[in-house]
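Below is work34.txt, holding compact mmCIF, N, CA and C atoms.
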# COMPACT_ATOMS: atom_id res chain seq x y z
N MET G 169 -242.68 113.83 -54.70
CA MET G 169 -242.35 113.57 -53.32
C MET G 169 -242.96 112.23 -52.91
N ARG G 170 -242.14 111.24 -52.86
CA ARG G 170 -242.61 109.89 -52.51
C ARG G 170 -242.80 109.70 -51.01
N GLU G 171 -241.91 110.28 -50.24
CA GLU G 171 -241.92 110.08 -48.79
C GLU G 171 -243.01 110.94 -48.15
N ARG G 172 -243.77 110.34 -47.29
CA ARG G 172 -244.84 111.05 -46.58
C ARG G 172 -244.27 112.16 -45.70
N GLY G 173 -244.94 113.29 -45.68
CA GLY G 173 -244.54 114.39 -44.81
C GLY G 173 -243.43 115.27 -45.35
N MET G 174 -243.04 115.06 -46.61
CA MET G 174 -242.00 115.90 -47.19
C MET G 174 -242.54 117.31 -47.40
N VAL G 175 -241.67 118.29 -47.15
CA VAL G 175 -242.01 119.70 -47.30
C VAL G 175 -241.30 120.22 -48.55
N PRO G 176 -242.02 120.87 -49.46
CA PRO G 176 -241.34 121.44 -50.62
C PRO G 176 -240.26 122.43 -50.18
N TYR G 177 -239.10 122.34 -50.78
CA TYR G 177 -238.00 123.25 -50.46
C TYR G 177 -238.29 124.60 -51.09
N LEU G 178 -238.19 125.66 -50.31
CA LEU G 178 -238.54 127.00 -50.78
C LEU G 178 -237.63 127.49 -51.92
N ASP G 179 -236.37 127.18 -51.89
CA ASP G 179 -235.42 127.53 -52.95
C ASP G 179 -235.44 129.02 -53.28
N ARG G 180 -235.05 129.82 -52.32
CA ARG G 180 -235.05 131.28 -52.50
C ARG G 180 -234.18 131.75 -53.66
N SER G 181 -233.12 131.03 -53.97
CA SER G 181 -232.23 131.44 -55.06
C SER G 181 -232.78 131.03 -56.43
N GLY G 182 -233.66 130.04 -56.45
CA GLY G 182 -234.25 129.58 -57.70
C GLY G 182 -233.40 128.62 -58.50
N ASP G 183 -232.27 128.19 -57.95
CA ASP G 183 -231.39 127.30 -58.71
C ASP G 183 -230.92 126.07 -57.92
N SER G 184 -231.64 125.72 -56.88
CA SER G 184 -231.23 124.61 -56.04
C SER G 184 -231.56 123.26 -56.68
N GLY G 185 -230.76 122.27 -56.34
CA GLY G 185 -231.03 120.91 -56.78
C GLY G 185 -231.95 120.16 -55.83
N VAL G 186 -232.37 120.82 -54.74
CA VAL G 186 -233.23 120.18 -53.74
C VAL G 186 -234.70 120.43 -54.09
N ARG G 187 -235.50 119.36 -54.05
CA ARG G 187 -236.94 119.46 -54.30
C ARG G 187 -237.74 119.56 -53.00
N ALA G 188 -237.39 118.73 -52.00
CA ALA G 188 -238.18 118.67 -50.77
C ALA G 188 -237.31 118.10 -49.65
N TYR G 189 -237.82 118.24 -48.42
CA TYR G 189 -237.11 117.71 -47.26
C TYR G 189 -238.11 117.36 -46.16
N ARG G 190 -237.65 116.59 -45.22
CA ARG G 190 -238.40 116.31 -43.99
C ARG G 190 -237.40 116.23 -42.86
N ALA G 191 -237.62 117.03 -41.83
CA ALA G 191 -236.69 117.07 -40.70
C ALA G 191 -237.32 116.44 -39.47
N GLY G 192 -236.51 115.69 -38.73
CA GLY G 192 -236.92 115.12 -37.46
C GLY G 192 -235.92 115.53 -36.40
N PRO G 193 -236.07 115.02 -35.20
CA PRO G 193 -235.19 115.44 -34.10
C PRO G 193 -233.70 115.21 -34.37
N ASP G 194 -233.35 114.10 -35.01
CA ASP G 194 -231.94 113.80 -35.25
C ASP G 194 -231.65 113.39 -36.68
N PHE G 195 -232.51 113.80 -37.61
CA PHE G 195 -232.31 113.43 -39.01
C PHE G 195 -232.92 114.48 -39.93
N ILE G 196 -232.52 114.39 -41.20
CA ILE G 196 -233.17 115.13 -42.26
C ILE G 196 -233.17 114.24 -43.50
N LEU G 197 -234.31 114.17 -44.16
CA LEU G 197 -234.44 113.48 -45.44
C LEU G 197 -234.43 114.56 -46.50
N VAL G 198 -233.66 114.35 -47.56
CA VAL G 198 -233.57 115.34 -48.62
C VAL G 198 -233.85 114.65 -49.95
N GLU G 199 -234.82 115.19 -50.70
CA GLU G 199 -235.13 114.71 -52.04
C GLU G 199 -234.58 115.72 -53.05
N PHE G 200 -233.83 115.22 -54.00
CA PHE G 200 -233.23 116.08 -55.02
C PHE G 200 -234.07 116.07 -56.29
N LYS G 201 -233.95 117.12 -57.05
CA LYS G 201 -234.71 117.25 -58.29
C LYS G 201 -234.34 116.17 -59.30
N ASN G 202 -233.14 115.63 -59.19
CA ASN G 202 -232.71 114.56 -60.11
C ASN G 202 -233.36 113.22 -59.78
N GLY G 203 -234.16 113.19 -58.70
CA GLY G 203 -234.88 111.97 -58.36
C GLY G 203 -234.35 111.21 -57.16
N GLY G 204 -233.14 111.44 -56.73
CA GLY G 204 -232.60 110.73 -55.58
C GLY G 204 -233.07 111.33 -54.27
N ALA G 205 -233.12 110.50 -53.24
CA ALA G 205 -233.47 110.97 -51.90
C ALA G 205 -232.58 110.25 -50.89
N TYR G 206 -232.15 111.00 -49.86
CA TYR G 206 -231.19 110.48 -48.90
C TYR G 206 -231.57 110.85 -47.48
N ARG G 207 -231.17 109.98 -46.57
CA ARG G 207 -231.35 110.24 -45.14
C ARG G 207 -229.99 110.59 -44.56
N TYR G 208 -229.93 111.70 -43.84
CA TYR G 208 -228.75 112.14 -43.12
C TYR G 208 -229.13 112.15 -41.65
N ASP G 209 -228.29 111.59 -40.78
CA ASP G 209 -228.66 111.54 -39.38
C ASP G 209 -227.45 111.71 -38.47
N SER G 210 -227.67 111.49 -37.17
CA SER G 210 -226.62 111.74 -36.19
C SER G 210 -225.43 110.78 -36.34
N THR G 211 -225.63 109.65 -37.00
CA THR G 211 -224.51 108.74 -37.23
C THR G 211 -223.71 109.14 -38.46
N LYS G 212 -224.40 109.52 -39.53
CA LYS G 212 -223.77 109.95 -40.78
C LYS G 212 -224.61 111.05 -41.38
N PRO G 213 -224.15 112.21 -41.52
CA PRO G 213 -222.80 112.72 -41.34
C PRO G 213 -222.50 113.27 -39.95
N GLY G 214 -223.44 113.14 -39.02
CA GLY G 214 -223.23 113.63 -37.66
C GLY G 214 -224.17 114.78 -37.32
N ARG G 215 -224.36 114.95 -36.02
CA ARG G 215 -225.33 115.92 -35.51
C ARG G 215 -225.05 117.36 -35.98
N ARG G 216 -223.80 117.77 -35.98
CA ARG G 216 -223.46 119.14 -36.37
C ARG G 216 -223.90 119.43 -37.81
N HIS G 217 -223.61 118.50 -38.72
CA HIS G 217 -224.00 118.69 -40.11
C HIS G 217 -225.52 118.64 -40.27
N VAL G 218 -226.16 117.72 -39.58
CA VAL G 218 -227.62 117.62 -39.68
C VAL G 218 -228.29 118.91 -39.21
N GLN G 219 -227.81 119.48 -38.11
CA GLN G 219 -228.38 120.73 -37.62
C GLN G 219 -228.18 121.87 -38.63
N ALA G 220 -227.01 121.93 -39.23
CA ALA G 220 -226.74 122.95 -40.24
C ALA G 220 -227.64 122.76 -41.45
N MET G 221 -227.85 121.52 -41.85
CA MET G 221 -228.73 121.23 -42.99
C MET G 221 -230.17 121.57 -42.67
N LYS G 222 -230.63 121.27 -41.47
CA LYS G 222 -232.00 121.59 -41.07
C LYS G 222 -232.23 123.10 -41.06
N GLN G 223 -231.24 123.85 -40.61
CA GLN G 223 -231.36 125.31 -40.60
C GLN G 223 -231.48 125.84 -42.02
N ARG G 224 -230.65 125.36 -42.92
CA ARG G 224 -230.70 125.82 -44.31
C ARG G 224 -232.00 125.40 -44.98
N ALA G 225 -232.48 124.21 -44.66
CA ALA G 225 -233.75 123.75 -45.23
C ALA G 225 -234.89 124.65 -44.79
N ALA G 226 -234.93 125.00 -43.52
CA ALA G 226 -235.99 125.87 -43.01
C ALA G 226 -235.93 127.26 -43.62
N GLU G 227 -234.71 127.74 -43.90
CA GLU G 227 -234.53 129.06 -44.51
C GLU G 227 -234.81 129.04 -46.01
N GLY G 228 -234.78 127.84 -46.61
CA GLY G 228 -235.01 127.73 -48.04
C GLY G 228 -233.85 128.23 -48.88
N ASP G 229 -232.65 128.16 -48.32
CA ASP G 229 -231.49 128.68 -49.03
C ASP G 229 -230.21 127.99 -48.58
N GLY G 230 -229.42 127.53 -49.53
CA GLY G 230 -228.08 127.01 -49.23
C GLY G 230 -227.98 125.54 -48.90
N LEU G 231 -229.07 124.79 -48.95
CA LEU G 231 -229.00 123.38 -48.56
C LEU G 231 -228.17 122.55 -49.52
N ALA G 232 -228.43 122.65 -50.81
CA ALA G 232 -227.66 121.86 -51.79
C ALA G 232 -226.18 122.24 -51.76
N THR G 233 -225.90 123.52 -51.63
CA THR G 233 -224.51 123.97 -51.55
C THR G 233 -223.82 123.38 -50.33
N TYR G 234 -224.50 123.41 -49.19
CA TYR G 234 -223.92 122.85 -47.97
C TYR G 234 -223.63 121.36 -48.16
N ILE G 235 -224.59 120.63 -48.71
CA ILE G 235 -224.39 119.19 -48.93
C ILE G 235 -223.20 118.97 -49.86
N ASN G 236 -223.12 119.71 -50.95
CA ASN G 236 -222.01 119.54 -51.90
C ASN G 236 -220.66 119.89 -51.29
N GLN G 237 -220.61 120.89 -50.44
CA GLN G 237 -219.33 121.33 -49.88
C GLN G 237 -218.88 120.56 -48.64
N HIS G 238 -219.84 120.05 -47.84
CA HIS G 238 -219.47 119.48 -46.55
C HIS G 238 -219.86 118.02 -46.34
N VAL G 239 -220.84 117.54 -47.06
CA VAL G 239 -221.36 116.20 -46.77
C VAL G 239 -221.10 115.20 -47.89
N ARG G 240 -221.37 115.62 -49.11
CA ARG G 240 -221.18 114.78 -50.31
C ARG G 240 -221.81 113.39 -50.15
N GLU G 241 -221.00 112.35 -50.16
CA GLU G 241 -221.49 110.96 -50.11
C GLU G 241 -221.65 110.42 -48.68
N ASN G 242 -221.49 111.26 -47.69
CA ASN G 242 -221.54 110.82 -46.30
C ASN G 242 -222.99 110.85 -45.77
N TYR G 243 -223.84 110.01 -46.33
CA TYR G 243 -225.24 109.92 -45.92
C TYR G 243 -225.47 108.60 -45.21
N ALA G 244 -226.52 108.55 -44.41
CA ALA G 244 -226.84 107.33 -43.66
C ALA G 244 -227.52 106.29 -44.53
N GLU G 245 -228.37 106.76 -45.47
CA GLU G 245 -229.13 105.82 -46.29
C GLU G 245 -229.61 106.49 -47.56
N LYS G 246 -229.53 105.75 -48.67
CA LYS G 246 -230.14 106.21 -49.91
C LYS G 246 -231.56 105.62 -49.93
N LEU G 247 -232.56 106.50 -50.04
CA LEU G 247 -233.95 106.06 -49.99
C LEU G 247 -234.47 105.62 -51.35
N TRP G 248 -234.11 106.34 -52.40
CA TRP G 248 -234.45 105.96 -53.78
C TRP G 248 -233.59 106.74 -54.74

Turn the structure described in the file into structure tokens.
Amino acid sequence: MRERGMVPYLDRSGDSGVRAYRAGPDFILVEFKNGGAYRYDSTKPGRRHVQAMKQRAAEGDGLATYINQHVRENYAEKLW
């Protein structure tokens, strides 16, 4: 976890590609186990998706699936 304040993803299913996340008022940063990390915010992919991603992150279930099914390459910034 390179980014300060990242929270380890609980991964209730045990097979998620997400390693950690950090949520703010209008964004979520997601670090994947493959090493990439991305910022999603109110501009890309939009507030509705960010809120859904934050909910799944807090629950520790379904975040990678949601990203793969609804967001894909629609991120605001690639962090690394």

Which residues are near G:Met174? Cut-off 6.5 Å, all atoms listed in the file, ignore same chain within fewer than 6 positions. Put them as a PDB file with N, CA and C atoms, in the coordinates of the input.
ATOM      1  N   ALA G 188    -237.390 118.730 -52.000  1.00  0.00           N
ATOM      2  CA  ALA G 188    -238.180 118.670 -50.770  1.00  0.00           C
ATOM      3  C   ALA G 188    -237.310 118.100 -49.650  1.00  0.00           C
ATOM      4  N   TYR G 189    -237.820 118.240 -48.420  1.00  0.00           N
ATOM      5  CA  TYR G 189    -237.110 117.710 -47.260  1.00  0.00           C
ATOM      6  C   TYR G 189    -238.110 117.360 -46.160  1.00  0.00           C
ATOM      7  N   ARG G 190    -237.650 116.590 -45.220  1.00  0.00           N
ATOM      8  CA  ARG G 190    -238.400 116.310 -43.990  1.00  0.00           C
ATOM      9  C   ARG G 190    -237.400 116.230 -42.860  1.00  0.00           C
TER      10      ARG G 190
END

As JSON: centre and edge lengths in Å, one decimal, of the axis-aligned box holding stretch 210-224 of chain G with 6 Å per side:
{"center_x": -227.4, "center_y": 117.3, "center_z": -40.2, "size_x": 21.7, "size_y": 29.1, "size_z": 21.5}

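Straight-line separation from atom CA of G:Glu245 to atom N of G:Asp183: 25.4 Å.
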
Test item, alpha helix (DSSP H) assignment across chain G, answer as JSON, numbers by chain: {"G": [215, 216, 217, 218, 219, 220, 221, 222, 223, 224, 225, 226, 227, 231, 232, 233, 234]}

Residue among G:Gly204, G:Ile196, G:Lys212, G:Gly228 lying closest to G:Gly182, counting only C-alpha atoms: G:Gly228

Within 10 Å of G:Gly192 using only C-alpha atoms, minus same-chain residues under 5 positions, as a list in words: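 Surrounding residues, per the criterion: Leu197, Asp209, Val218 and Lys222 of chain G.
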
Could you take the residues named above and write them with N, CA and C atoms, as a PDB file, keeping the file's coordinate frame?
ATOM      1  N   LEU G 197    -234.310 114.170 -44.160  1.00  0.00           N
ATOM      2  CA  LEU G 197    -234.440 113.480 -45.440  1.00  0.00           C
ATOM      3  C   LEU G 197    -234.430 114.560 -46.500  1.00  0.00           C
ATOM      4  N   ASP G 209    -228.290 111.590 -40.780  1.00  0.00           N
ATOM      5  CA  ASP G 209    -228.660 111.540 -39.380  1.00  0.00           C
ATOM      6  C   ASP G 209    -227.450 111.710 -38.470  1.00  0.00           C
ATOM      7  N   VAL G 218    -226.160 117.720 -39.580  1.00  0.00           N
ATOM      8  CA  VAL G 218    -227.620 117.620 -39.680  1.00  0.00           C
ATOM      9  C   VAL G 218    -228.290 118.910 -39.210  1.00  0.00           C
ATOM     10  N   LYS G 222    -230.630 121.270 -41.470  1.00  0.00           N
ATOM     11  CA  LYS G 222    -232.000 121.590 -41.070  1.00  0.00           C
ATOM     12  C   LYS G 222    -232.230 123.100 -41.060  1.00  0.00           C
TER      13      LYS G 222
END

Atom pair atom CA of G:Asn242 / atom CA of G:Pro213: separation (Å): 5.5 Å

Expected residue set, 8 Å radius at (-239.3, 119.8, -47.6), all atoms listed in the file, as a list in words: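 Residues found, by chain and rising number: Gly173, Met174, Val175, Pro176, Tyr177, Leu178, Val186, Arg187, Ala188, Tyr189, Arg190, Ala191, Leu197, Val198, Glu199, Ala225 and Ala226 of chain G.
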
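Taking atom N of G:Phe195 and atom C of G:Arg180 as the two end points, the separation is 24.1 Å.
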
Do you know which residues are at most 6.5 Å from G:Trp248 counting all atoms listed in the file, after dropping those on the same chain fewer than 3 positions away, and could you put them as a short mmCIF file (atom, residue, chain, number, x, y, z; two decimals) with N, CA and C atoms, keeping the file's coordinate frame?
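Okay, this is what ended up in out_5.cif:
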data_model
loop_
_atom_site.label_atom_id
_atom_site.label_comp_id
_atom_site.auth_asym_id
_atom_site.auth_seq_id
_atom_site.Cartn_x
_atom_site.Cartn_y
_atom_site.Cartn_z
N GLY G 203 -234.16 113.19 -58.70
CA GLY G 203 -234.88 111.97 -58.36
C GLY G 203 -234.35 111.21 -57.16
N GLY G 204 -233.14 111.44 -56.73
CA GLY G 204 -232.60 110.73 -55.58
C GLY G 204 -233.07 111.33 -54.27
N ALA G 205 -233.12 110.50 -53.24
CA ALA G 205 -233.47 110.97 -51.90
C ALA G 205 -232.58 110.25 -50.89
N TYR G 206 -232.15 111.00 -49.86
CA TYR G 206 -231.19 110.48 -48.90
C TYR G 206 -231.57 110.85 -47.48
#

Proximity to G:Tyr208 - best of G:Asp179, G:Glu227, G:Glu241, G:Asp194, all atoms listed in the file: G:Asp194

Exercise: residues within 7 Å of coordinate (-227.9, 119.6, -45.3), counting only C-alpha atoms, as an NGL selection string: :G and (217-218 or 220-222 or 224 or 231-232 or 234-235)

Residue selection dump (N, CA and C atoms) as a PDB file, keeping the file's coordinate frame:
ATOM      1  N   HIS G 217    -223.610 118.500 -38.720  1.00  0.00           N
ATOM      2  CA  HIS G 217    -224.000 118.690 -40.110  1.00  0.00           C
ATOM      3  C   HIS G 217    -225.520 118.640 -40.270  1.00  0.00           C
ATOM      4  N   VAL G 218    -226.160 117.720 -39.580  1.00  0.00           N
ATOM      5  CA  VAL G 218    -227.620 117.620 -39.680  1.00  0.00           C
ATOM      6  C   VAL G 218    -228.290 118.910 -39.210  1.00  0.00           C
ATOM      7  N   ALA G 220    -227.010 121.930 -39.230  1.00  0.00           N
ATOM      8  CA  ALA G 220    -226.740 122.950 -40.240  1.00  0.00           C
ATOM      9  C   ALA G 220    -227.640 122.760 -41.450  1.00  0.00           C
ATOM     10  N   MET G 221    -227.850 121.520 -41.850  1.00  0.00           N
ATOM     11  CA  MET G 221    -228.730 121.230 -42.990  1.00  0.00           C
ATOM     12  C   MET G 221    -230.170 121.570 -42.670  1.00  0.00           C
ATOM     13  N   LYS G 222    -230.630 121.270 -41.470  1.00  0.00           N
ATOM     14  CA  LYS G 222    -232.000 121.590 -41.070  1.00  0.00           C
ATOM     15  C   LYS G 222    -232.230 123.100 -41.060  1.00  0.00           C
ATOM     16  N   ARG G 224    -230.650 125.360 -42.920  1.00  0.00           N
ATOM     17  CA  ARG G 224    -230.700 125.820 -44.310  1.00  0.00           C
ATOM     18  C   ARG G 224    -232.000 125.400 -44.980  1.00  0.00           C
ATOM     19  N   LEU G 231    -229.070 124.790 -48.950  1.00  0.00           N
ATOM     20  CA  LEU G 231    -229.000 123.380 -48.560  1.00  0.00           C
ATOM     21  C   LEU G 231    -228.170 122.550 -49.520  1.00  0.00           C
ATOM     22  N   ALA G 232    -228.430 122.650 -50.810  1.00  0.00           N
ATOM     23  CA  ALA G 232    -227.660 121.860 -51.790  1.00  0.00           C
ATOM     24  C   ALA G 232    -226.180 122.240 -51.760  1.00  0.00           C
ATOM     25  N   TYR G 234    -224.500 123.410 -49.190  1.00  0.00           N
ATOM     26  CA  TYR G 234    -223.920 122.850 -47.970  1.00  0.00           C
ATOM     27  C   TYR G 234    -223.630 121.360 -48.160  1.00  0.00           C
ATOM     28  N   ILE G 235    -224.590 120.630 -48.710  1.00  0.00           N
ATOM     29  CA  ILE G 235    -224.390 119.190 -48.930  1.00  0.00           C
ATOM     30  C   ILE G 235    -223.200 118.970 -49.860  1.00  0.00           C
TER      31      ILE G 235
END
